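A short worksheet on the structure shown next.
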Amino acid sequence: MPIKISTMRSIDFWAGVPLCAFATALLRIWKLFQPVIPRPICRILFIELSEIGSTILAGPAMRKARDQLKAELFFVTFEVNSTSIALVGMIPPSNVFIIRSDSLVHLARDSIAFLAWARRNAIDTVIDLELFSRFSALLTGCCGAGRTVGFYRFRNEGLYRGNMLTHRVAYNPHIHIAKGYIALVDALLSREVTVPYSKTLIADTELVFSIPPPNDAALTSMLERTCLRVPGYDPQRNRLVLINPNSGDLLPQRRWSPARYSELIKRILVDHKDVFILVTGSADDRNSAADLVARVGSNRCASFAGETDISDLPSLYALSTLMVTNDSGPAHIAAATNLPTIVLFGPETPKLYAPLGAARVLYAGLACSPCATAYNHRNTVCTDNVCMQSISVDAVFSEVKSVLSLNRLSREERCIMTSATPSN
């Protein structure tokens with residue numbers, strides 16, 4: 001069982017702050033006797049530990065690093081996030097190092113093993129995608145790379161994580177985080193030393209990113225599994241709508257209530273007789289998904305929670321017409337596969353975290369929102385998510401109707417579903 005998020009935050013603060021201070025002092029002394037001579041940029045390591053959505057949003061930055069710096073890319077992440085890297089399609093499995101977070105012993109062992117792995121692979125540059133994480137700062141500073149790039153606090157108080165970066169980039173909470181990630185790469189592309197990095201204008205056109213489509217075999221397999229779950233569903237006559245109610249344990253305040261999802265599903269089924277609905281989620285969501293399906297009480301609505309892993313999602317999304325979801329990793333994957341996706345935001349802002357691709361965002365924009373930010377490590381004190389409660393069923397259903405009216409047929413043009421229909 002993974003270490004609890006609250007425990008990770010405590011370790012990051014109580015152990016991370018003194019360790020970062022110690023590592024900073026140790027590296028300064030070391031460099032006095034062993035000056036680091038930066039090698040040409042050939043092997044860039046990206047660090048993103050736990051956020052599936054952030055990994056997807058880093059896609060444009062990784063592409064820019066690969067194409068403009070002509071570098072080989074590497075990645076380090078927690079085990080829970082490892083399968084999302086394959087979806088990005090730019091980093092071979094042999095270039096990915098996985099750190100287990102299911103126990104403190106595994107965390108410590110794998111962290112030490114990572115430092116050796118980075119040296120064996122001659123990593124010359126590290127880009128830390130994390131927002132003020134002390135753990136990732138320690139991995140960045142201690143892995144032996146001559147160039148280290150990340151977000152730096154400058155005059156911001158309370159965000160100390162040492163002084164181990166060679167390229168300090170100002171974190172800007174007023175631009176999309178995908179642009180922030182590109183700014184990290186721009187720091188390496190800069191011909192001059194600037195304080196802070198990166199004094200560049202990042203165009204919206206740089207944010208274009210998509211996940212490669214699944215192959216025919218994956219589509220056929222997914223369609224067979226879908227038809228078994230929802231008897232009566234015919235991809236040539238029916239449309240598939242996905243409901244993804246959960247948002248994981250990192251920020252439970254992002255959840256919309258089951259009662260509202262239930263009402264939304266009932267209205268979709270009444271208004272659109274050709275629609276079948278799957279409630280998606282992880283294996284941990286099976287009970288809540290089953291409860292939601294029971295609330296709806298229709299043979300055109302079934303649970304698909306626990307039936308897929310992350311690598312299966314592009315196939316499921318290719319067969320679907322629409323997804324409604326909380327702000328979560330699947331939202332970013334779905335939008336990047338060009339599936340129309342309605343995303344409900346509350347404690348975080350879509351100005352920073354809106355999915356790249358075919359996404360429509362609903363956000364109440366209350367005075368207290370966003371309350372989960374980089375400055376509090378997404379550790380909000382809120383226990384009453386009025387920001388999510390302020391998003392009405394009427395508002396979401398209006399967006400659903402708009403999407404479904406634009407797509408009266410199944411998505412045959414996009415994924416040739418008829419050729420993948422299983423025989424009876």
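In the structure tokens, the first chain shown is A, the next is B, and so on; residue numbers restart at 1 for each chain, and ligands run from 1 in the order shown.
Within 9 Å of segment 111-114 of chain A, once only C-alpha atoms are used and residues closer than 2 positions along the same chain are dropped, the contacting residues are Val76, Phe97, Ile98, Ile99, Arg100, His106, Leu107, Ala108, Arg109, Ala116, Trp117, Ala118, Arg119, Leu139 and Cys143 of chain A.
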Could you save the residues just selected, with N, CA and C atoms, as an mmCIF file, in the first residue's frame?
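result_6.cif, written as the output of this step:
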data_model
loop_
_atom_site.group_PDB
_atom_site.id
_atom_site.type_symbol
_atom_site.label_atom_id
_atom_site.label_comp_id
_atom_site.auth_asym_id
_atom_site.auth_seq_id
_atom_site.Cartn_x
_atom_site.Cartn_y
_atom_site.Cartn_z
ATOM 1 N N VAL A 76 12.326 9.939 -14.410
ATOM 2 C CA VAL A 76 12.218 9.253 -13.131
ATOM 3 C C VAL A 76 10.878 9.622 -12.503
ATOM 4 N N PHE A 97 13.348 5.371 -14.850
ATOM 5 C CA PHE A 97 13.662 4.799 -13.544
ATOM 6 C C PHE A 97 12.438 4.973 -12.642
ATOM 7 N N ILE A 98 12.033 3.868 -12.012
ATOM 8 C CA ILE A 98 10.822 3.865 -11.186
ATOM 9 C C ILE A 98 11.205 3.757 -9.716
ATOM 10 N N ILE A 99 10.685 4.679 -8.920
ATOM 11 C CA ILE A 99 10.896 4.662 -7.468
ATOM 12 C C ILE A 99 9.621 4.163 -6.795
ATOM 13 N N ARG A 100 9.753 3.127 -6.006
ATOM 14 C CA ARG A 100 8.590 2.598 -5.283
ATOM 15 C C ARG A 100 8.263 3.493 -4.081
ATOM 16 N N HIS A 106 11.507 0.983 0.766
ATOM 17 C CA HIS A 106 11.624 0.977 -0.690
ATOM 18 C C HIS A 106 11.948 2.366 -1.226
ATOM 19 N N LEU A 107 11.329 3.373 -0.638
ATOM 20 C CA LEU A 107 11.588 4.742 -1.077
ATOM 21 C C LEU A 107 13.060 5.098 -0.913
ATOM 22 N N ALA A 108 13.631 4.753 0.227
ATOM 23 C CA ALA A 108 15.043 5.061 0.489
ATOM 24 C C ALA A 108 15.962 4.247 -0.417
ATOM 25 N N ARG A 109 15.691 2.957 -0.531
ATOM 26 C CA ARG A 109 16.535 2.097 -1.363
ATOM 27 C C ARG A 109 16.526 2.539 -2.825
ATOM 28 N N ALA A 116 22.830 6.139 -8.437
ATOM 29 C CA ALA A 116 23.803 5.321 -9.175
ATOM 30 C C ALA A 116 23.385 5.162 -10.629
ATOM 31 N N TRP A 117 22.095 4.955 -10.858
ATOM 32 C CA TRP A 117 21.562 4.804 -12.222
ATOM 33 C C TRP A 117 21.827 6.049 -13.054
ATOM 34 N N ALA A 118 21.619 7.230 -12.475
ATOM 35 C CA ALA A 118 21.839 8.483 -13.200
ATOM 36 C C ALA A 118 23.300 8.620 -13.624
ATOM 37 N N ARG A 119 24.200 8.205 -12.767
ATOM 38 C CA ARG A 119 25.622 8.283 -13.113
ATOM 39 C C ARG A 119 26.002 7.244 -14.166
ATOM 40 N N LEU A 139 16.906 14.716 -5.382
ATOM 41 C CA LEU A 139 17.252 13.859 -6.507
ATOM 42 C C LEU A 139 17.982 14.654 -7.583
ATOM 43 N N CYS A 143 22.333 13.921 -8.204
ATOM 44 C CA CYS A 143 22.475 12.866 -9.211
ATOM 45 C C CYS A 143 23.717 13.016 -10.066
#
Checklist entry - Where in segment 70-223 of chain A does DSSP assign strand (DSSP E), given as a list in words? => result Glu72, Leu73, Phe74, Phe75, Val76, Thr77, Phe78, Val96, Phe97, Ile98, Ile99, Thr125, Val126, Ile127, Asp128, Arg147, Thr148, Val149, Gly150, Phe151, Tyr152, His167, Arg168, Val169 and Ala170 of chain A
Now that the selection is made, can you save its residues with C-alpha atoms as an mmCIF file, in the first residue's frame?
data_model
loop_
_atom_site.group_PDB
_atom_site.id
_atom_site.type_symbol
_atom_site.label_atom_id
_atom_site.label_comp_id
_atom_site.auth_asym_id
_atom_site.auth_seq_id
_atom_site.Cartn_x
_atom_site.Cartn_y
_atom_site.Cartn_z
ATOM 1 C CA GLU A 72 18.126 11.699 -25.495
ATOM 2 C CA LEU A 73 15.375 11.833 -22.876
ATOM 3 C CA PHE A 74 15.172 10.024 -19.544
ATOM 4 C CA PHE A 75 12.512 10.067 -16.830
ATOM 5 C CA VAL A 76 12.218 9.253 -13.131
ATOM 6 C CA THR A 77 8.884 8.834 -11.379
ATOM 7 C CA PHE A 78 6.997 6.966 -8.689
ATOM 8 C CA VAL A 96 12.713 5.285 -17.189
ATOM 9 C CA PHE A 97 13.662 4.799 -13.544
ATOM 10 C CA ILE A 98 10.822 3.865 -11.186
ATOM 11 C CA ILE A 99 10.896 4.662 -7.468
ATOM 12 C CA THR A 125 21.131 17.689 -17.493
ATOM 13 C CA VAL A 126 18.158 17.417 -15.135
ATOM 14 C CA ILE A 127 14.820 19.222 -15.464
ATOM 15 C CA ASP A 128 12.794 19.058 -12.249
ATOM 16 C CA ARG A 147 23.106 21.286 -15.345
ATOM 17 C CA THR A 148 20.081 21.320 -13.080
ATOM 18 C CA VAL A 149 16.923 23.230 -13.985
ATOM 19 C CA GLY A 150 13.855 23.820 -11.830
ATOM 20 C CA PHE A 151 11.500 26.305 -10.260
ATOM 21 C CA TYR A 152 13.197 28.495 -7.667
ATOM 22 C CA HIS A 167 19.283 27.313 -13.927
ATOM 23 C CA ARG A 168 16.715 28.914 -11.629
ATOM 24 C CA VAL A 169 13.368 29.482 -13.293
ATOM 25 C CA ALA A 170 10.709 31.777 -11.849
#
Item to check | Selected residue of minimal separation from Ser262 of chain A among A:Val393, A:Ser402, A:Pro347, A:Asn338, counting only C-alpha atoms | outcome: A:Val393
Checklist entry - What separation in Å, quoted to one decimal, exists between atom CA of Gly297 of chain A and atom CA of Ile342 of chain A? => result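 Going from atom CA of Gly297 of chain A over to atom CA of Ile342 of chain A covers 23.3 Å.
Between atom CA of Ile5 of chain A and atom CA of Glu348 of chain A the interatomic distance comes to 17.4 Å.
Residues in contact range of Ser398 of chain A, defined as at most 12 Å between only C-alpha atoms, with sequence neighbours fewer than 5 positions away removed, read Leu264, Arg267, Ile268, Asp271, Ile342, Arg360, Leu362, Ile391, Ser392, Val393, Val403, Leu404 and Ser405 of chain A.
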Quick one: residues within 7 Å of Asp274 of chain A, only C-alpha atoms, excluding same-chain residues fewer than 4 positions away - as an mmCIF file with N, CA and C atoms, in the first residue's frame?
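In the end it all went to out_15.cif:
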data_model
loop_
_atom_site.group_PDB
_atom_site.id
_atom_site.type_symbol
_atom_site.label_atom_id
_atom_site.label_comp_id
_atom_site.auth_asym_id
_atom_site.auth_seq_id
_atom_site.Cartn_x
_atom_site.Cartn_y
_atom_site.Cartn_z
ATOM 1 N N ARG A 237 -24.774 1.674 -33.835
ATOM 2 C CA ARG A 237 -26.021 2.407 -33.604
ATOM 3 C C ARG A 237 -25.993 3.263 -32.352
ATOM 4 N N ASN A 238 -25.089 2.958 -31.434
ATOM 5 C CA ASN A 238 -25.086 3.633 -30.138
ATOM 6 C C ASN A 238 -23.815 4.449 -29.930
ATOM 7 N N ARG A 239 -23.933 5.428 -29.032
ATOM 8 C CA ARG A 239 -22.775 6.227 -28.630
ATOM 9 C C ARG A 239 -22.435 5.910 -27.186
#
Item to check | Neighbour list for His377 of chain A as a ChimeraX atom specification, cut-off 10 Å, only C-alpha atoms, skip fewer than 3 positions in-chain | outcome: /A:9,131-133,159,372-374,380
Filtering to C-alpha atoms, could you give me those residues as a short mmCIF file (atom, residue, chain, number, x, y, z; two decimals), in the first residue's frame?
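See result29.cif below for the written result:
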data_model
loop_
_atom_site.label_atom_id
_atom_site.label_comp_id
_atom_site.auth_asym_id
_atom_site.auth_seq_id
_atom_site.Cartn_x
_atom_site.Cartn_y
_atom_site.Cartn_z
CA ARG A 9 4.01 15.85 2.87
CA LEU A 131 6.64 22.48 -7.87
CA PHE A 132 8.84 23.07 -4.81
CA SER A 133 9.16 19.43 -3.76
CA LEU A 159 9.32 27.39 -0.06
CA ALA A 372 -4.75 24.19 -3.61
CA THR A 373 -1.59 25.68 -5.07
CA ALA A 374 2.15 25.19 -5.40
CA THR A 380 -5.80 23.00 1.36
#
Checklist entry - In Å to one decimal, how far is atom CA of Pro355 of chain A from atom CA of Thr140 of chain A? => result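 Pair atom CA of Thr140 of chain A / atom CA of Pro355 of chain A returns 27.0 Å.
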Checklist entry - Quick one: residues within 12 Å of Asn244 of chain A, only C-alpha atoms counted, chain neighbours fewer than 6 positions away excluded, as a count of residues only? => result 39
Checklist entry - Got a sec: who's within 12 Å of Ala15 of chain A, counting only C-alpha atoms, leaving out chain neighbours fewer than 6 positions off, as a ChimeraX atom specification? => result /A:7-9,21-23,133-135,138,161
Please write the residues from the selection above to a file, keeping N, CA and C atoms, as a tab-separated table (two decimals), in the first residue's frame.
chain	number	residue	atom	x	y	z
A	7	THR	N	1.50	11.67	4.93
A	7	THR	CA	2.81	11.25	5.42
A	7	THR	C	3.91	11.76	4.51
A	8	MET	N	3.69	11.66	3.20
A	8	MET	CA	4.67	12.16	2.24
A	8	MET	C	4.92	13.65	2.43
A	9	ARG	N	3.86	14.41	2.66
A	9	ARG	CA	4.01	15.85	2.87
A	9	ARG	C	4.82	16.13	4.14
A	21	ALA	N	19.19	21.60	3.02
A	21	ALA	CA	20.23	22.51	3.54
A	21	ALA	C	21.57	21.80	3.62
A	22	PHE	N	21.55	20.56	4.11
A	22	PHE	CA	22.79	19.79	4.23
A	22	PHE	C	23.37	19.49	2.85
A	23	ALA	N	22.52	19.06	1.91
A	23	ALA	CA	22.99	18.73	0.57
A	23	ALA	C	23.55	19.96	-0.14
A	133	SER	N	9.01	20.66	-4.52
A	133	SER	CA	9.16	19.43	-3.76
A	133	SER	C	10.61	19.30	-3.31
A	134	ARG	N	10.83	19.08	-2.01
A	134	ARG	CA	12.20	18.91	-1.51
A	134	ARG	C	12.78	17.56	-1.96
A	135	PHE	N	11.94	16.54	-2.05
A	135	PHE	CA	12.43	15.23	-2.46
A	135	PHE	C	13.00	15.29	-3.88
A	138	LEU	N	16.31	17.08	-3.98
A	138	LEU	CA	17.44	16.25	-3.56
A	138	LEU	C	17.88	15.31	-4.68
A	161	ARG	N	13.96	24.86	-0.59
A	161	ARG	CA	14.38	23.50	-0.93
A	161	ARG	C	15.83	23.49	-1.40
Checklist entry - Smallest atom-to-atom distance to Asp204 of chain A: which of A:Pro60, A:Gly365, A:Pro370, A:Pro93, using only C-alpha atoms? => result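 Comparing A:Pro60, A:Gly365, A:Pro370, A:Pro93 against Asp204 of chain A, the winner is A:Pro60.
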